[in-house]
Amino acid sequence: MDKPSSLHSVLTDSIIRGLAGDLYYQRGVDYLRRNLVHSLEASGNVVEAVVSGTEDYGVTLSARGKRFTYTCECPVGAGGEFCKHCVATALAWLAGNAAAAPSQKSARTRLITDEDIEAALGAEDKQTLISWLIEWSQQDKPLRQRLATLARLKNDPAASVAQVRQQLQEAIRIRRYVDYNQAGAYAGRVDSAIDAVETLLQQGHAAPAIDLCEAAMKWLEGAIENVDDSDGRGTELMARIADLHLRACEKALPDPESLGVRLFALEMNGTYDQWFDTAGRYANLLGDKGLAAFREAAAKAWAKVPARTMRESNGESYYGVTRIMERLARQCGDVEQLVGVLERDLTFANQYLRIAEAYRNAGKLEKALDWAERGMAIYTNHEGGSLRRFVAEEYRSSQRHADALRIVWSEFRGAPSLAGYKLLEEFARAADDWDDWRDRAHTHIRRTLAEKPAAPKLYAPGGFPNALVFQFRRPQGQSLLVEIFLHEQNIDEAWREAQCGGCSDQLWLKLAAQREEAHPDDAIAVYLRLGEQAVAATTDGRYEPAVGLLEKAAALMHGLGRGAEFEVQFDALRQRFKVKRNLQKLAEARRQFLYLKHR
């Protein structure tokens with residue numbers, strides 16, 4: 001298992017903002033400023049605190065490997081969100097202090113580190129530490145099991161190994177489906193059982209630890225299919241077992257050739273990448289003899305893999321051995337050996353591309369182009385898109401601009417998009433012929449739009465008085481032209497296209513932002529319409545985005561001396577949606593930004 005990371009490496013102010021979002025972050029900052037974080041304690045990479053809100057809520061933040069986890073007892077935190085209480089705790093920890101109990105708010109709580117604990121334990125005598133361990137183990141079952149394993153090893157090593165095996169199997173066994181809420185407890189139980197294997201290894205019993213790791217991995221692989229592993233705890237457990245296996249091999253030093261054969265079987269049969277790249281990870285232990293044995297075992301399995309050029313409906317999968325052979329070929333650095341592996345299965349377009357890229361990376365450009373062209377001729381549908389891009393790039397590199405543009409233009413015509421337009425521009429500029437190709441692209445887009453049946457004219461229902469100057473809800477077919485003109489910084493033309501044919505709400509917002517300074521009336525109309533639309537569509541009580549748009553309109557109208565006009569319209573909106581209580585509350589909370597004359 002990965003060594004624990006410092007919380008400092010996984011928890012920063014920017015990460016806190018990203019996890020929480022603006023609303024929860026600002027509320028968390030407010031809680032911190034009001035000294036509502038109490039009893040903050042840090043031990044190693046775990047931080048615990050109590051945060052006062054409607055009630056007192058317990059918060060826990062922790063780092064394990066590269067994972068950062070958090071829990072809070074509040075309703076929002078219970079739903080898995082990084083709530084304001086988590087934000088306040090995290091910020092308090094970053095600052096290095098938190099408020100003490102309400103009666104001692106001026107006190108500062110010093111964070112306790114692993115070094116502090118080590119120093120405190122080091123100051124005690126041996127017998128005291130033994131007494132504490134025994135006492136603590138009465139309340140901590142995993143600790144008790146680990147101490148019991150240690151005691152058995154002193155008295156009867158063989159019996160201890162058997163007991164550990166039984167504990168592992170019992171901990172991993174699934175009796176019924178483990179849902180998300182139970183997955184944490186299940187993972188904790190398995191992790192505690194793995195601790196016993198760690199104890200075996202620490203006490204010098206490396207050989208049995210190897211066998212136990214392999215057995216545990218097999219059991220866990222079968223069990224994890226019946227666990228909701230959304231948080232990846234099963235993957236972490238497998239990573240820990242794999243790490244223990246490597247460490248046990250490093251201590252036991254098994255015969256390299258036997259180890260090579262054993263590792264190939266493990267990697268070949270693993271289904272979760274838990275034994276990924278064993279030849280590389282165990283290279284120092286395998287040596288030349290062990291690696292040769294690994295390769296020989298792989299070659300025997302590879303000899304049974306047929307060459308395929310067509311997809312088979314019920315064909316057998318050779319993914320495991322193919323992946324191993326490909327990795328071995330790459331390690332050798334021989335491109336022909338790598339291509340020999342890749343060309344064994346030509347049932348999908350990407351394989352031609354991978355071969356072409358391998359040859360290009362090796363400097364064999366003619367072979368690279370040949371393979372890409374072969375694949376392009378076979379896969380003429382969307383699957384061959386990457387191959388066509390590869391061939392076009394090679395044509396351009398060899399100054400075959402007309403051939404390259406023929407491919408790029410065909411792709412754009414088939415599925416016009418902003419990305420395709422940019423690619424066409426890139427290739428046409430390389431050929432010093434962009435003006436003609438630009439006109440051709442615009443003509444094709446307009447012709448395509450003209451061929452589509454006209455959609456009915458739609459206007460937004462309701463609306464602020466005199467706000468709906470344009471037909472915002474017209475069909476969005478013009479979105480591509482609007483995108484293109486925005487890309488080219490031709491804002492006026494983009495605006496005309498949007499007025500003429502409509503576009504997506506996202507593009508309307510981009511247009512509004514571009515026109516705020518020179519054409520504020522245009523931007524106001526967009527913000528009012530989209531703000532009202534968002535209010536009407538909101539069903540979860542979160543009106544912040546909608547009100548944010550209306551605040552933009554308010555600020556612009558205030559700058560034009562039309563603040564009073566906005567307030568009349570906004571009051572009418574609030575009256576129309578008076579049953580939406582969260583909207584009314586937010587409007588009052590944001591009064592200074594909406595009713596600007598009251599600032």
# chains A, B, ... in the order shown; residues from 1 in each chain; ligands from 1

call {"tool": "residues_around", "arguments": {"residues": "A:His8", "least_positions_apart": "5", "cutoff": "10 Å", "atoms": "only C-alpha atoms", "output": "list in words"}}
result
Asn45, Ala63, Trp93 and Leu94 of chain A

call {"tool": "write_last_selection", "arguments": {"atoms": "N, CA, C and O atoms", "output": "mmCIF file, in the first residue's frame"}}
result
data_model
loop_
_atom_site.group_PDB
_atom_site.id
_atom_site.type_symbol
_atom_site.label_atom_id
_atom_site.label_comp_id
_atom_site.auth_asym_id
_atom_site.auth_seq_id
_atom_site.Cartn_x
_atom_site.Cartn_y
_atom_site.Cartn_z
ATOM 1 N N ASN A 45 -1.785 12.008 9.782
ATOM 2 C CA ASN A 45 -2.488 12.568 8.645
ATOM 3 C C ASN A 45 -4.001 12.540 8.829
ATOM 4 O O ASN A 45 -4.754 12.439 7.876
ATOM 5 N N ALA A 63 -5.606 11.784 5.069
ATOM 6 C CA ALA A 63 -4.877 11.451 3.846
ATOM 7 C C ALA A 63 -4.329 10.047 3.996
ATOM 8 O O ALA A 63 -3.751 9.700 5.025
ATOM 9 N N TRP A 93 -7.003 24.027 10.025
ATOM 10 C CA TRP A 93 -5.805 23.178 10.061
ATOM 11 C C TRP A 93 -4.667 23.815 9.266
ATOM 12 O O TRP A 93 -3.520 23.816 9.697
ATOM 13 N N LEU A 94 -5.004 24.384 8.119
ATOM 14 C CA LEU A 94 -3.975 25.045 7.322
ATOM 15 C C LEU A 94 -3.358 26.216 8.080
ATOM 16 O O LEU A 94 -2.150 26.468 7.997
#

call {"tool": "select_by_dssp", "arguments": {"residues": "stretch 135-265 of chain A", "states": "helix (DSSP H, G or I)", "output": "ChimeraX atom specification"}}
result
/A:135-137,141-155,157-172,180-202,206-226,233-252,256-265

call {"tool": "closest_residue", "arguments": {"among": "A:Leu244, A:Ala183, A:Ala441, A:Cys83", "to": "A:Asn226", "atoms": "only C-alpha atoms"}}
result
A:Ala183

call {"tool": "residues_around", "arguments": {"residues": "A:Asp211", "least_positions_apart": "2", "cutoff": "12 Å", "atoms": "only C-alpha atoms", "output": "PyMOL selection string"}}
result
chain A and resi 161-162+164-165+197+200-201+205-209+213-218+241-242+244-246+248-249+252+254+262+266

call {"tool": "closest_residue", "arguments": {"among": "A:Ala283, A:Leu19, A:Ala42, A:Val261", "to": "A:Lys300", "atoms": "only C-alpha atoms"}}
result
A:Val261

call {"tool": "closest_residue", "arguments": {"among": "A:Ala587, A:Ala518, A:Val50, A:Ala123", "to": "A:Ala546", "atoms": "only C-alpha atoms"}}
result
A:Ala587

call {"tool": "closest_residue", "arguments": {"among": "A:Val37, A:Ala49, A:Val568, A:Ala88", "to": "A:Asp13", "atoms": "only C-alpha atoms"}}
result
A:Ala88

call {"tool": "decode", "arguments": {"residues": "stretch 8-26 of chain A", "atoms": "N, CA, C and O atoms", "output": "PDB file, in the first residue's frame"}}
result
ATOM      1  N   HIS A   8      -0.419  18.096   3.875  1.00  0.00           N
ATOM      2  CA  HIS A   8       0.015  19.309   3.187  1.00  0.00           C
ATOM      3  C   HIS A   8       0.158  19.082   1.688  1.00  0.00           C
ATOM      4  O   HIS A   8       0.049  20.026   0.907  1.00  0.00           O
ATOM      5  N   SER A   9       0.420  17.827   1.277  1.00  0.00           N
ATOM      6  CA  SER A   9       0.617  17.552  -0.142  1.00  0.00           C
ATOM      7  C   SER A   9      -0.694  17.338  -0.876  1.00  0.00           C
ATOM      8  O   SER A   9      -0.726  17.376  -2.103  1.00  0.00           O
ATOM      9  N   VAL A  10      -1.774  17.086  -0.155  1.00  0.00           N
ATOM     10  CA  VAL A  10      -3.050  16.806  -0.818  1.00  0.00           C
ATOM     11  C   VAL A  10      -4.148  17.789  -0.443  1.00  0.00           C
ATOM     12  O   VAL A  10      -5.236  17.723  -0.997  1.00  0.00           O
ATOM     13  N   LEU A  11      -3.871  18.702   0.474  1.00  0.00           N
ATOM     14  CA  LEU A  11      -4.906  19.636   0.912  1.00  0.00           C
ATOM     15  C   LEU A  11      -4.337  21.051   0.931  1.00  0.00           C
ATOM     16  O   LEU A  11      -3.540  21.398   1.801  1.00  0.00           O
ATOM     17  N   THR A  12      -4.727  21.842  -0.047  1.00  0.00           N
ATOM     18  CA  THR A  12      -4.318  23.238  -0.149  1.00  0.00           C
ATOM     19  C   THR A  12      -5.558  24.107  -0.277  1.00  0.00           C
ATOM     20  O   THR A  12      -6.674  23.601  -0.456  1.00  0.00           O
ATOM     21  N   ASP A  13      -5.361  25.406  -0.207  1.00  0.00           N
ATOM     22  CA  ASP A  13      -6.497  26.309  -0.317  1.00  0.00           C
ATOM     23  C   ASP A  13      -7.210  26.148  -1.655  1.00  0.00           C
ATOM     24  O   ASP A  13      -8.448  26.148  -1.717  1.00  0.00           O
ATOM     25  N   SER A  14      -6.439  25.969  -2.733  1.00  0.00           N
ATOM     26  CA  SER A  14      -7.073  25.813  -4.044  1.00  0.00           C
ATOM     27  C   SER A  14      -7.869  24.515  -4.123  1.00  0.00           C
ATOM     28  O   SER A  14      -8.944  24.468  -4.737  1.00  0.00           O
ATOM     29  N   ILE A  15      -7.353  23.441  -3.498  1.00  0.00           N
ATOM     30  CA  ILE A  15      -8.090  22.174  -3.498  1.00  0.00           C
ATOM     31  C   ILE A  15      -9.367  22.311  -2.672  1.00  0.00           C
ATOM     32  O   ILE A  15     -10.424  21.796  -3.042  1.00  0.00           O
ATOM     33  N   ILE A  16      -9.284  23.013  -1.540  1.00  0.00           N
ATOM     34  CA  ILE A  16     -10.465  23.242  -0.710  1.00  0.00           C
ATOM     35  C   ILE A  16     -11.533  23.989  -1.515  1.00  0.00           C
ATOM     36  O   ILE A  16     -12.716  23.616  -1.507  1.00  0.00           O
ATOM     37  N   ARG A  17     -11.117  25.013  -2.252  1.00  0.00           N
ATOM     38  CA  ARG A  17     -12.065  25.768  -3.079  1.00  0.00           C
ATOM     39  C   ARG A  17     -12.707  24.865  -4.133  1.00  0.00           C
ATOM     40  O   ARG A  17     -13.912  24.930  -4.392  1.00  0.00           O
ATOM     41  N   GLY A  18     -11.862  24.026  -4.762  1.00  0.00           N
ATOM     42  CA  GLY A  18     -12.377  23.149  -5.799  1.00  0.00           C
ATOM     43  C   GLY A  18     -13.360  22.118  -5.274  1.00  0.00           C
ATOM     44  O   GLY A  18     -14.364  21.819  -5.919  1.00  0.00           O
ATOM     45  N   LEU A  19     -13.085  21.586  -4.085  1.00  0.00           N
ATOM     46  CA  LEU A  19     -13.977  20.588  -3.500  1.00  0.00           C
ATOM     47  C   LEU A  19     -15.299  21.210  -3.051  1.00  0.00           C
ATOM     48  O   LEU A  19     -16.357  20.607  -3.182  1.00  0.00           O
ATOM     49  N   ALA A  20     -15.222  22.406  -2.505  1.00  0.00           N
ATOM     50  CA  ALA A  20     -16.400  23.006  -1.876  1.00  0.00           C
ATOM     51  C   ALA A  20     -17.262  23.823  -2.831  1.00  0.00           C
ATOM     52  O   ALA A  20     -18.477  23.866  -2.689  1.00  0.00           O
ATOM     53  N   GLY A  21     -16.629  24.477  -3.790  1.00  0.00           N
ATOM     54  CA  GLY A  21     -17.371  25.440  -4.591  1.00  0.00           C
ATOM     55  C   GLY A  21     -17.429  26.777  -3.857  1.00  0.00           C
ATOM     56  O   GLY A  21     -17.171  26.870  -2.654  1.00  0.00           O
ATOM     57  N   ASP A  22     -17.767  27.827  -4.594  1.00  0.00           N
ATOM     58  CA  ASP A  22     -17.716  29.181  -4.025  1.00  0.00           C
ATOM     59  C   ASP A  22     -18.629  29.350  -2.813  1.00  0.00           C
ATOM     60  O   ASP A  22     -18.252  29.976  -1.817  1.00  0.00           O
ATOM     61  N   LEU A  23     -19.850  28.794  -2.886  1.00  0.00           N
ATOM     62  CA  LEU A  23     -20.822  29.023  -1.825  1.00  0.00           C
ATOM     63  C   LEU A  23     -20.357  28.407  -0.504  1.00  0.00           C
ATOM     64  O   LEU A  23     -20.284  29.090   0.524  1.00  0.00           O
ATOM     65  N   TYR A  24     -20.040  27.112  -0.510  1.00  0.00           N
ATOM     66  CA  TYR A  24     -19.611  26.453   0.725  1.00  0.00           C
ATOM     67  C   TYR A  24     -18.275  27.014   1.211  1.00  0.00           C
ATOM     68  O   TYR A  24     -18.037  27.099   2.420  1.00  0.00           O
ATOM     69  N   TYR A  25     -17.413  27.397   0.280  1.00  0.00           N
ATOM     70  CA  TYR A  25     -16.113  27.938   0.685  1.00  0.00           C
ATOM     71  C   TYR A  25     -16.309  29.232   1.473  1.00  0.00           C
ATOM     72  O   TYR A  25     -15.722  29.416   2.547  1.00  0.00           O
ATOM     73  N   GLN A  26     -17.123  30.132   0.953  1.00  0.00           N
ATOM     74  CA  GLN A  26     -17.328  31.408   1.641  1.00  0.00           C
ATOM     75  C   GLN A  26     -18.005  31.215   2.995  1.00  0.00           C
ATOM     76  O   GLN A  26     -17.674  31.894   3.969  1.00  0.00           O
TER      77      GLN A  26
END
